[in-house]
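Novice: Quick one: structure below, then a few questions.
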Amino acid sequence: MKVAVCIKQVPETPTLEIDPQTNTLIRARGKMIINPFDMYALEEGIRLKEQYGGQATAISMGPPEAQEALREAIAFGIDNAIILSDPILDDCDTLATSYVLAKAIDKLGQPDIIICGRQTTDGDTGQVAPQLAEWLGLPFASYVSKIEEVREGRMRLQRMVDSGHQVIEMPLPAVISVVKEINLPRLPSLRGLMQSKKAPIPTWSARDLAVDASKVGLVGSATKVKMVFFPQREGGSELLQGSPESQVDQLLEKLREAKVI
Amino acid sequence: MKSEVWIFAEQQDSKIKSVAYELVSEGRKLANGLGAALCAVCLGHQVQGIEQLIPYGADKVYLLDDPALADHDEDIYTRTLADLVRRYKPEIILAGATSLGQSFIPRVAALLQTGLAANCTSLEIDPESKILLQTRPAYGGSLMATMICPEKRPQMSTIRPHVFKRHRVDESRQGQIVHVDFDKGSVTSRTKVIQMIDDLTGKVKLEEADIIVCGGRGLGAAENFRIVTELAEVLGAALGSSRPPVDDGWIPYSHQIGQTGKTVSPKVYFACGISGAPQHLAGMQTSDVVVAINEDPRAPIFEVATYGIVGDLFKVVPLLITKLRQARA
């Protein structure tokens with residue numbers, strides 16, 4: 001069983017600063033962590049290889065600092081990690097990002113299961129996993145909350161949809177995105193931490209990946225950010241004063257006046 | 001040939017989902033801005049009420065009817081919508097950011113090699129360039145970004161339910177329903193649905209409720225959820241939760257309201273023991289009236305609340321329940 005997990009390094013509590021002249025984001029800084037949803041993807045990847053034997057590889061597209069996230073992934077129990085890093089890969093939108101990840105998956109040699117977290121906490125789009133599946137021409141399932149069984153080249157799993165859960169079955173290889181409900185990520189073991197310190201993390205450049213330059217970076221991105229701004233919140237609330245009794249009485253009066261109850 | 005703005009009219013169990021009407025109402029404005037036709041696209045089998053999309057503002061409904069389209073088979077939906085796009089070449093496509101929309105619409109965008117902006121909270125046609133300005137939250141709602149798709153077509157957006165309001169336009173509006181042939185042989189479906197488990201508890205459906213009572217971390221423990229459940233019962237309201245109680249297993253995920261949960265826009269929203277993190281606000285900030293009960297006066301929820309009670313919810317909510325019951329008696 002070969003599992004590949006795609007992760008992204010994101011700021012933990014970003015300080016957001018906007019350039020007032022260009023209305024663009026001055027790089028959001030802060031302590032960098034593995035995207036929270038990707039932690040569940042990593043845990044699931046590790047569990048799959050523990051259960052079925054094989055190998056779990058983590059890949060990440062990002063600046064050189066993203067190596068830290070990959071090192072952490074190894075500490076959890078990922079077997080090997082690769083960083084996809086190159087200046088021409090900067091400023092990719094989800095279409096271009098998923099293209100680059102697809103090239104990396106191709107180069108890895110067709111993993112059986114490719115796992116992503118449902119979305120990142122910075123971009124918040126949730127688009128990379130389904131688009132990755134499309135570039136690879138593979139079946140895709142989103143919001144996976146449980147992998148029930150992998151057998152004879154097929155996988156049965158549960159996914160969460162608006163009204164409840166679905167149990168579905170799909171052939172491998174396949175791409176899935178996972179939700180928090182799927183597992184409880186482990187802490188890194190002491191051995192894992194020791195191994196992660198020495199683990200070699202190769203860098204695959206644009207050339208290594210044989211990307212088509214017209215499909216990456218700003219040039220390869222179909223969407224562009226025109227401007228960013230902070231959300232405006234209209235004036236605060238009317239705070240009801242007094243004892244709890246009085247507050248409740250006032251509230252009921254106002255709600256009845258407004259005919260909402 | 002007139003250009004077209006499309007909305008994907010998602011159906012569930014052969015009924016058009018509410019979000020489709022919201023998209024038609026919003027799409028109408030965009031179509032007007034472009035001098036384009038507004039068309040709804042519906043994939044399903046024996047779908048009821050598609051002609052209702054016309055009074056809301058659709059000029060045309062492209063309807064594909066086949067048993068294979070009844071369920072949300074994403075392989076089939078992805079390829080079918082992409083084929084339709086290649087055939088009719090719309091300028092813009094809007095779709096609901098439902099679990100289906102968030103799964104298959106990105107695939108359509110990738111297949112067509114075009115741009116998609118997810119979870120848009122506002123859409124506008126730029127008066128000069130005539131391109132679509134798509135504004136959406138990033139960083140959990142702490143930052144808003146306006147995106148454009150300058151060259152590729154169609155320009156695609158997903159929009160969460162209840163972000164836009166539906167307006168009934170005109171009962172006398174005329175429009176056409178275009179039956180498009182569906183070639184089943186052209187698509188292979190690789191994924192099989194074995195079972196569907198509906199696990200929404202409670203009598204009132206969250207997305208359709210006029211009143212919602214929502215509990216948060218301030219409740220302290222799983223058993224305290226009964227306090228908000230009781231308030232919901234007395235009000236005939238639906239029950240919701242912010243993320244922390246769901247994470248801790250106090251209440252199922254189907255009740256979660258927020259960025260990674262449902263978006264709601266009821267007449268009244270009671271936030272009990274909820275601090276008001278941007279990720280939660282993203283799910284309820286278009287509610288008409290927001291009532292916040294929290295013991296921390298600096299809780300961000302008070303910035304979006306209409307009425308705020310700074311106090312102990314374990315005193316306030318039971319009082320509210322008692323007085324509501326007295327009034328009914």
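Chain labels run A, B, ... following the order of the structure tokens; each chain numbers its residues from 1, and ligands are numbered from 1 in the order shown.
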Could you work out which residues of chain B fall inside 6 Å of chain A? Count only C-alpha atoms, and format the result as JSON, numbers by chain.

Specialist: {"B": [99, 106, 107, 110, 114, 115, 118, 138, 139, 143, 144, 145, 146, 147, 148, 149, 191, 192, 193, 194, 195, 196, 197, 198, 199, 302, 303, 305, 306, 307, 308, 309, 316, 320]}

Novice: Write out as a ChimeraX atom specification each polymer residue whose atoms come within 6 Å of stretch 180-189 of chain B, counting only C-alpha atoms; drop sequence neighbours fewer than 3 positions from it.

Specialist: /B:63-64,75-76

Novice: For C-alpha atoms, I'd like the residues from the last selection saved as a CSV table (one decimal), in the first residue's frame.

Specialist:
```csv
chain,number,residue,atom,x,y,z
B,63,LEU,CA,-33.1,20.5,-17.9
B,64,LEU,CA,-31.5,17.1,-18.2
B,75,ASP,CA,-18.4,11.7,-11.8
B,76,ILE,CA,-21.5,12.0,-13.9
```

Novice: Counting only C-alpha atoms, which of A:Pro200, A:Gly117, A:Pro173, A:Pro111 gets nearest to A:Glu68?

Specialist: A:Pro200

Novice: What lies within 9 Å of B:Ser157 using only C-alpha atoms, ignoring chain neighbours under 6 positions off, as a list in words?

Specialist: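 Counting only the stated atoms, we get Ile92, Ile93, Leu94, Ala95, Gly96, Ala97, Ile105, Gly115, Leu116, Ala117, Ala118, Asn119, Cys120, Leu123 and Gln134 of chain B.
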
Novice: Could you give me the residues within stretch 21-249 of chain A that DSSP places in strand (DSSP E or B), as a VMD selection string?

Specialist: chain A and resid 24 to 29 32 to 34 55 to 61 80 to 84 113 to 117 140 to 151 154 to 161 164 to 171 174 to 178 203 to 204 224 to 229 238 to 239

Novice: For the selection you just gave me, I'd like the residues written to a file as a PDB file, in the first residue's frame, keeping C-alpha atoms.

Specialist:
```pdb
ATOM      1  CA  THR A  24      -2.677  43.448  -1.210  1.00  0.00           C
ATOM      2  CA  LEU A  25      -1.741  41.296   1.734  1.00  0.00           C
ATOM      3  CA  ILE A  26       1.701  41.895   3.138  1.00  0.00           C
ATOM      4  CA  ARG A  27       2.695  38.287   3.812  1.00  0.00           C
ATOM      5  CA  ALA A  28       0.746  37.026   6.815  1.00  0.00           C
ATOM      6  CA  ARG A  29       3.349  36.081   9.386  1.00  0.00           C
ATOM      7  CA  MET A  32       3.923  28.352  11.071  1.00  0.00           C
ATOM      8  CA  ILE A  33       2.170  25.017  11.629  1.00  0.00           C
ATOM      9  CA  ILE A  34       0.854  22.108   9.615  1.00  0.00           C
ATOM     10  CA  GLN A  55       4.712   3.294   2.842  1.00  0.00           C
ATOM     11  CA  ALA A  56       3.327   6.742   3.565  1.00  0.00           C
ATOM     12  CA  THR A  57       4.900   9.769   1.902  1.00  0.00           C
ATOM     13  CA  ALA A  58       4.116  13.415   2.647  1.00  0.00           C
ATOM     14  CA  ILE A  59       4.507  16.120   0.035  1.00  0.00           C
ATOM     15  CA  SER A  60       4.125  19.846   0.336  1.00  0.00           C
ATOM     16  CA  MET A  61       4.350  22.709  -2.117  1.00  0.00           C
ATOM     17  CA  ASN A  80       9.469   9.992   3.807  1.00  0.00           C
ATOM     18  CA  ALA A  81       8.746  13.509   2.714  1.00  0.00           C
ATOM     19  CA  ILE A  82       9.393  15.696  -0.298  1.00  0.00           C
ATOM     20  CA  ILE A  83       9.152  19.439  -0.668  1.00  0.00           C
ATOM     21  CA  LEU A  84       8.057  20.962  -3.950  1.00  0.00           C
ATOM     22  CA  ILE A 113      -4.490   6.477  -1.941  1.00  0.00           C
ATOM     23  CA  ILE A 114      -3.841  10.217  -1.955  1.00  0.00           C
ATOM     24  CA  ILE A 115      -5.100  12.037   1.112  1.00  0.00           C
ATOM     25  CA  CYS A 116      -5.656  15.762   1.702  1.00  0.00           C
ATOM     26  CA  GLY A 117      -7.236  17.734   4.507  1.00  0.00           C
ATOM     27  CA  PHE A 140     -12.533  11.492  -5.655  1.00  0.00           C
ATOM     28  CA  ALA A 141     -14.444  11.567  -2.374  1.00  0.00           C
ATOM     29  CA  SER A 142     -14.659  14.602  -0.129  1.00  0.00           C
ATOM     30  CA  TYR A 143     -15.384  14.933   3.602  1.00  0.00           C
ATOM     31  CA  VAL A 144     -14.317  11.369   4.365  1.00  0.00           C
ATOM     32  CA  SER A 145     -15.062  10.606   7.999  1.00  0.00           C
ATOM     33  CA  LYS A 146     -14.054   6.954   8.063  1.00  0.00           C
ATOM     34  CA  ILE A 147     -12.172   4.487   5.889  1.00  0.00           C
ATOM     35  CA  GLU A 148     -14.003   1.261   6.561  1.00  0.00           C
ATOM     36  CA  GLU A 149     -12.009  -1.158   4.455  1.00  0.00           C
ATOM     37  CA  VAL A 150      -9.466  -1.408   1.673  1.00  0.00           C
ATOM     38  CA  ARG A 151      -9.667  -4.703  -0.180  1.00  0.00           C
ATOM     39  CA  ARG A 154     -11.336  -1.055  -3.774  1.00  0.00           C
ATOM     40  CA  MET A 155     -12.026   1.163  -0.787  1.00  0.00           C
ATOM     41  CA  ARG A 156     -15.216   1.475   1.248  1.00  0.00           C
ATOM     42  CA  LEU A 157     -15.592   4.643   3.213  1.00  0.00           C
ATOM     43  CA  GLN A 158     -18.000   7.004   4.968  1.00  0.00           C
ATOM     44  CA  ARG A 159     -18.336  10.614   4.046  1.00  0.00           C
ATOM     45  CA  MET A 160     -20.262  13.477   5.568  1.00  0.00           C
ATOM     46  CA  VAL A 161     -22.766  15.325   3.471  1.00  0.00           C
ATOM     47  CA  GLY A 164     -25.886  13.007   7.176  1.00  0.00           C
ATOM     48  CA  HIS A 165     -23.469  10.278   6.173  1.00  0.00           C
ATOM     49  CA  GLN A 166     -22.993   8.306   2.994  1.00  0.00           C
ATOM     50  CA  VAL A 167     -21.298   4.933   2.768  1.00  0.00           C
ATOM     51  CA  ILE A 168     -19.568   4.704  -0.607  1.00  0.00           C
ATOM     52  CA  GLU A 169     -17.233   2.420  -2.471  1.00  0.00           C
ATOM     53  CA  MET A 170     -14.620   3.367  -5.004  1.00  0.00           C
ATOM     54  CA  PRO A 171     -11.784   1.769  -6.961  1.00  0.00           C
ATOM     55  CA  ALA A 174      -8.187   7.430  -5.577  1.00  0.00           C
ATOM     56  CA  VAL A 175      -7.976  10.868  -3.979  1.00  0.00           C
ATOM     57  CA  ILE A 176      -9.840  11.708  -0.778  1.00  0.00           C
ATOM     58  CA  SER A 177     -10.155  14.735   1.458  1.00  0.00           C
ATOM     59  CA  VAL A 178     -10.773  14.121   5.138  1.00  0.00           C
ATOM     60  CA  THR A 203      13.484  19.300  -2.885  1.00  0.00           C
ATOM     61  CA  TRP A 204      11.796  18.812  -6.220  1.00  0.00           C
ATOM     62  CA  LYS A 224      -6.140  36.445  -9.313  1.00  0.00           C
ATOM     63  CA  VAL A 225      -6.650  38.468  -6.174  1.00  0.00           C
ATOM     64  CA  LYS A 226      -7.697  41.990  -7.112  1.00  0.00           C
ATOM     65  CA  MET A 227      -7.703  43.366  -3.591  1.00  0.00           C
ATOM     66  CA  VAL A 228      -8.013  42.427   0.063  1.00  0.00           C
ATOM     67  CA  PHE A 229      -9.675  44.235   2.942  1.00  0.00           C
ATOM     68  CA  GLU A 238     -27.839  47.002  22.172  1.00  0.00           C
ATOM     69  CA  LEU A 239     -26.711  45.651  25.532  1.00  0.00           C
TER      70      LEU A 239
END
```
